[in-house]
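Source file: protein_11.cif; contents: mmCIF, C-alpha atoms.
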data_structure
loop_
_atom_site.label_atom_id
_atom_site.label_comp_id
_atom_site.auth_asym_id
_atom_site.auth_seq_id
_atom_site.Cartn_x
_atom_site.Cartn_y
_atom_site.Cartn_z
CA MET A 1 14.32 -19.33 -27.80
CA GLY A 2 13.28 -16.02 -26.24
CA ASN A 3 14.91 -12.72 -26.93
CA LYS A 4 16.96 -12.59 -23.72
CA ALA A 5 20.69 -12.09 -23.94
CA ASN A 6 22.93 -15.15 -23.59
CA GLY A 7 26.59 -15.85 -23.92
CA LEU A 8 29.57 -13.80 -22.73
CA ASN A 9 28.85 -10.55 -20.87
CA ALA A 10 25.11 -11.33 -20.84
CA ALA A 11 24.81 -10.73 -17.09
CA GLN A 12 25.02 -6.93 -17.38
CA LYS A 13 22.37 -6.91 -20.08
CA LEU A 14 20.07 -9.17 -18.02
CA LYS A 15 20.59 -7.05 -14.89
CA LYS A 16 19.68 -3.87 -16.75
CA ARG A 17 16.64 -5.57 -18.30
CA ARG A 18 15.46 -6.70 -14.86
CA SER A 19 15.92 -3.20 -13.42
CA VAL A 20 13.95 -1.58 -16.26
CA SER A 21 11.14 -4.15 -15.88
CA LYS A 22 10.90 -3.58 -12.12
CA LYS A 23 10.52 0.18 -12.58
CA LYS A 24 7.46 -0.41 -14.76
CA ASN A 25 5.67 -2.08 -11.83
CA LYS A 26 3.69 0.57 -9.90
CA TRP A 27 3.83 -1.38 -6.61
CA PHE A 28 7.62 -1.62 -6.78
CA VAL A 29 7.97 2.09 -7.56
CA LYS A 30 5.65 3.02 -4.66
CA LYS A 31 7.79 0.97 -2.28
CA LEU A 32 11.12 2.15 -3.73
CA PHE A 33 10.37 5.85 -3.38
CA ASN A 34 8.27 5.64 -0.15
CA LEU A 35 5.33 7.22 -2.01
CA LYS A 36 2.72 5.80 0.40
CA LYS A 37 4.38 7.47 3.39
CA LYS A 38 4.85 10.76 1.56
CA SER A 39 1.22 11.07 0.47
CA ASP A 40 -0.36 9.59 3.63
CA PRO A 41 -1.48 12.22 6.21
CA LEU A 42 -0.88 9.67 9.00
CA VAL A 43 2.73 9.28 7.74
CA GLY A 44 2.71 5.48 7.76
CA SER A 45 1.25 5.00 11.27
CA SER A 46 -1.95 3.03 11.86
CA GLN A 47 -3.63 5.57 14.15
CA ALA A 48 -3.37 9.30 14.85
CA ALA A 49 -4.81 11.86 17.26
CA GLY A 50 -6.55 14.99 16.06
CA ILE A 51 -8.86 17.83 17.03
CA VAL A 52 -12.42 18.02 15.65
CA LEU A 53 -12.88 21.18 13.56
CA SER A 54 -16.46 20.64 12.42
CA LYS A 55 -19.18 18.06 11.86
CA VAL A 56 -20.14 17.41 8.24
CA GLN A 57 -22.66 15.24 6.43
CA LEU A 58 -21.65 13.61 3.16
CA GLU A 59 -24.06 12.21 0.61
CA ALA A 60 -23.61 8.49 -0.08
CA LYS A 61 -22.80 7.35 -3.60
CA GLN A 62 -25.44 5.93 -5.92
CA PRO A 63 -27.69 3.90 -5.54
CA ASN A 64 -27.83 4.83 -1.81
CA SER A 65 -29.22 8.16 -0.67
CA ALA A 66 -28.18 8.45 2.98
CA MET A 67 -26.35 11.32 4.64
CA ARG A 68 -23.20 9.84 6.20
CA LYS A 69 -22.08 11.55 9.41
CA CYS A 70 -18.42 12.62 9.37
CA VAL A 71 -16.08 15.07 11.08
CA ARG A 72 -13.26 17.27 9.82
CA VAL A 73 -10.19 16.53 11.91
CA GLN A 74 -6.89 18.40 12.16
CA LEU A 75 -4.07 16.01 13.03
CA VAL A 76 -1.89 16.88 16.02
CA LYS A 77 1.33 15.45 14.55
CA ASN A 78 1.49 17.50 11.33
CA GLY A 79 -1.51 19.85 11.17
CA LYS A 80 -3.03 18.17 8.10
CA GLN A 81 -6.81 18.10 7.81
CA VAL A 82 -8.75 14.93 6.98
CA THR A 83 -12.37 13.83 6.97
CA ALA A 84 -13.19 10.91 9.28
CA PHE A 85 -16.36 8.80 9.39
CA LEU A 86 -18.37 8.41 12.61
CA PRO A 87 -19.44 4.73 12.67
CA GLY A 88 -22.68 3.62 14.30
CA ASP A 89 -26.06 5.05 15.19
CA GLY A 90 -26.00 8.23 17.31
CA ALA A 91 -22.20 8.67 17.21
CA THR A 92 -22.64 12.29 16.06
CA LYS A 93 -24.19 13.25 19.41
CA LEU A 94 -21.12 12.00 21.28
CA VAL A 95 -18.57 14.07 19.35
CA ASP A 96 -18.40 17.86 19.68
CA GLU A 97 -16.16 20.50 18.12
CA HIS A 98 -12.71 20.83 19.73
CA ASN A 99 -12.87 17.28 21.11
CA GLU A 100 -9.74 15.18 20.80
CA VAL A 101 -10.29 12.07 18.68
CA VAL A 102 -8.19 9.14 17.55
CA ILE A 103 -8.65 8.02 13.95
CA GLU A 104 -7.62 4.88 12.10
CA CYS A 105 -7.80 3.54 8.54
CA ILE A 106 -11.31 2.56 7.47
CA GLY A 107 -10.04 -0.59 5.73
CA GLY A 108 -10.99 -0.04 2.10
CA LYS A 109 -9.23 -1.69 -0.84
CA MET A 110 -5.59 -0.58 -1.22
CA GLY A 111 -5.97 2.15 1.43
CA ARG A 112 -8.85 3.80 -0.41
CA SER A 113 -12.30 4.72 0.91
CA LYS A 114 -14.73 1.97 1.82
CA GLY A 115 -18.32 1.46 0.74
CA ASP A 116 -20.46 4.37 -0.40
CA ILE A 117 -18.65 7.24 1.36
CA PRO A 118 -16.72 9.16 -1.29
CA GLY A 119 -13.17 10.20 -0.40
CA VAL A 120 -13.29 9.26 3.30
CA ARG A 121 -10.44 6.94 4.28
CA TRP A 122 -10.51 7.19 8.09
CA GLN A 123 -12.90 6.52 10.95
CA VAL A 124 -13.10 7.75 14.53
CA ILE A 125 -12.39 5.14 17.23
CA LYS A 126 -11.87 7.24 20.38
CA VAL A 127 -13.27 10.50 21.73
CA ASN A 128 -11.37 12.20 24.58
CA ASP A 129 -9.55 8.92 25.34
CA GLN A 130 -12.79 6.95 25.58
CA SER A 131 -13.86 4.28 23.11
CA LEU A 132 -16.57 5.55 20.76
CA ASP A 133 -18.07 2.06 20.64
CA ALA A 134 -18.37 1.87 24.46
CA LEU A 135 -19.89 5.36 24.60
CA ARG A 136 -22.45 4.41 21.95
CA LYS A 137 -23.46 1.22 23.77
CA GLY A 138 -23.81 3.10 27.07
CA LYS A 139 -20.99 1.25 28.83
CA LEU A 140 -19.22 4.58 29.51
CA GLU A 141 -20.44 8.07 30.34
CA LYS A 142 -18.94 10.89 28.33
CA ALA A 143 -16.18 12.62 30.33
CA ARG A 144 -16.56 16.31 31.07
CA LYS A 145 -13.62 18.46 30.05
#

Before we go any further, please render this structure as structure tokens.
Amino acid sequence: MGNKANGLNAAQKLKKRRSVSKKKNKWFVKKLFNLKKKSDPLVGSSQAAGIVLSKVQLEAKQPNSAMRKCVRVQLVKNGKQVTAFLPGDGATKLVDEHNEVVIECIGGKMGRSKGDIPGVRWQVIKVNDQSLDALRKGKLEKARK
């Protein structure tokens, strides 16, 4: 037999044991204390609007040696600053400073960064309420502000 309690008044002991075991599981603790929402700049939402502060180029991780085009974005909802990736060829030309962009999660493992871009967890999907993808493919002209 295992070393679990049995017999009279065993229920309390088993309940306490279960509670202690649960609190050793990092996924349970994250959910219990809402740690994802507290640490996430988007505060649990899938997308967020922001203003472009500057364009930056980040060096890709080994063994790649590309310069990945990104932008520093200040979120409208809470003023936090994040770095967002500009996907696709020539996307940098379509985004200027002070443009309004919409960012979303880049889809890496467990909410982390994806691929060879270090520390970048978000990507730009819209510029001034126009799809970045459509702008890149030439389906839309860039709106003048």

I want to know what sits within 12 Å of Gly44 (chain A), based on all atoms listed in the file, with residues of the same chain fewer than 4 positions away left out; could you give that as a PDB file with C-alpha atoms, in the coordinates of the input?
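Written file, selection13.pdb:
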ATOM      1  CA  ASN A  34       8.270   5.640  -0.150  1.00  0.00           C
ATOM      2  CA  LEU A  35       5.330   7.220  -2.010  1.00  0.00           C
ATOM      3  CA  LYS A  36       2.720   5.800   0.400  1.00  0.00           C
ATOM      4  CA  LYS A  37       4.380   7.470   3.390  1.00  0.00           C
ATOM      5  CA  LYS A  38       4.850  10.760   1.560  1.00  0.00           C
ATOM      6  CA  SER A  39       1.220  11.070   0.470  1.00  0.00           C
ATOM      7  CA  ASP A  40      -0.360   9.590   3.630  1.00  0.00           C
ATOM      8  CA  ALA A  48      -3.370   9.300  14.850  1.00  0.00           C
ATOM      9  CA  GLU A 104      -7.620   4.880  12.100  1.00  0.00           C
ATOM     10  CA  CYS A 105      -7.800   3.540   8.540  1.00  0.00           C
ATOM     11  CA  GLY A 111      -5.970   2.150   1.430  1.00  0.00           C
TER      12      GLY A 111
END

Emit as JSON the padded axis-aligned box for all listed atoms of region 55-61 of chain A, 5 Å per side, with centre and edge lengths in Å to one decimal.
{"center_x": -21.6, "center_y": 12.7, "center_z": 4.1, "size_x": 14.9, "size_y": 20.7, "size_z": 25.5}

Problem set entry | Contact residues around Arg144 (chain A) with only C-alpha atoms at 12 Å, ignoring same-chain residues under 5 positions, as number ranges by chain | A: 94, 96, 99, 127-130

Exercise. Which is closest to Leu75 (chain A) among A:Leu14, A:Ile51, A:Ala5, A:Val124, if we use all atoms listed in the file?
Worked result: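 Result for the nearest residue to Leu75 (chain A): A:Ile51.
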
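Here the selection is built from all atoms listed in the file, and the residues within 9 Å of (-16.4, 11.5, 9.5) turn out to be Lys55, Val56, Gln57, Leu58, Arg68, Lys69, Cys70, Val71, Arg72, Val73, Val82, Thr83, Ala84, Phe85, Leu86, Pro87, Val120, Trp122, Gln123 and Val124 of chain A.
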
Exercise. At what distance in Å, to one decimal, does CA of Val52 (chain A) lie from CA of Ile106 (chain A)?
Worked result: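 CA of Val52 (chain A) lies 17.5 Å from CA of Ile106 (chain A).
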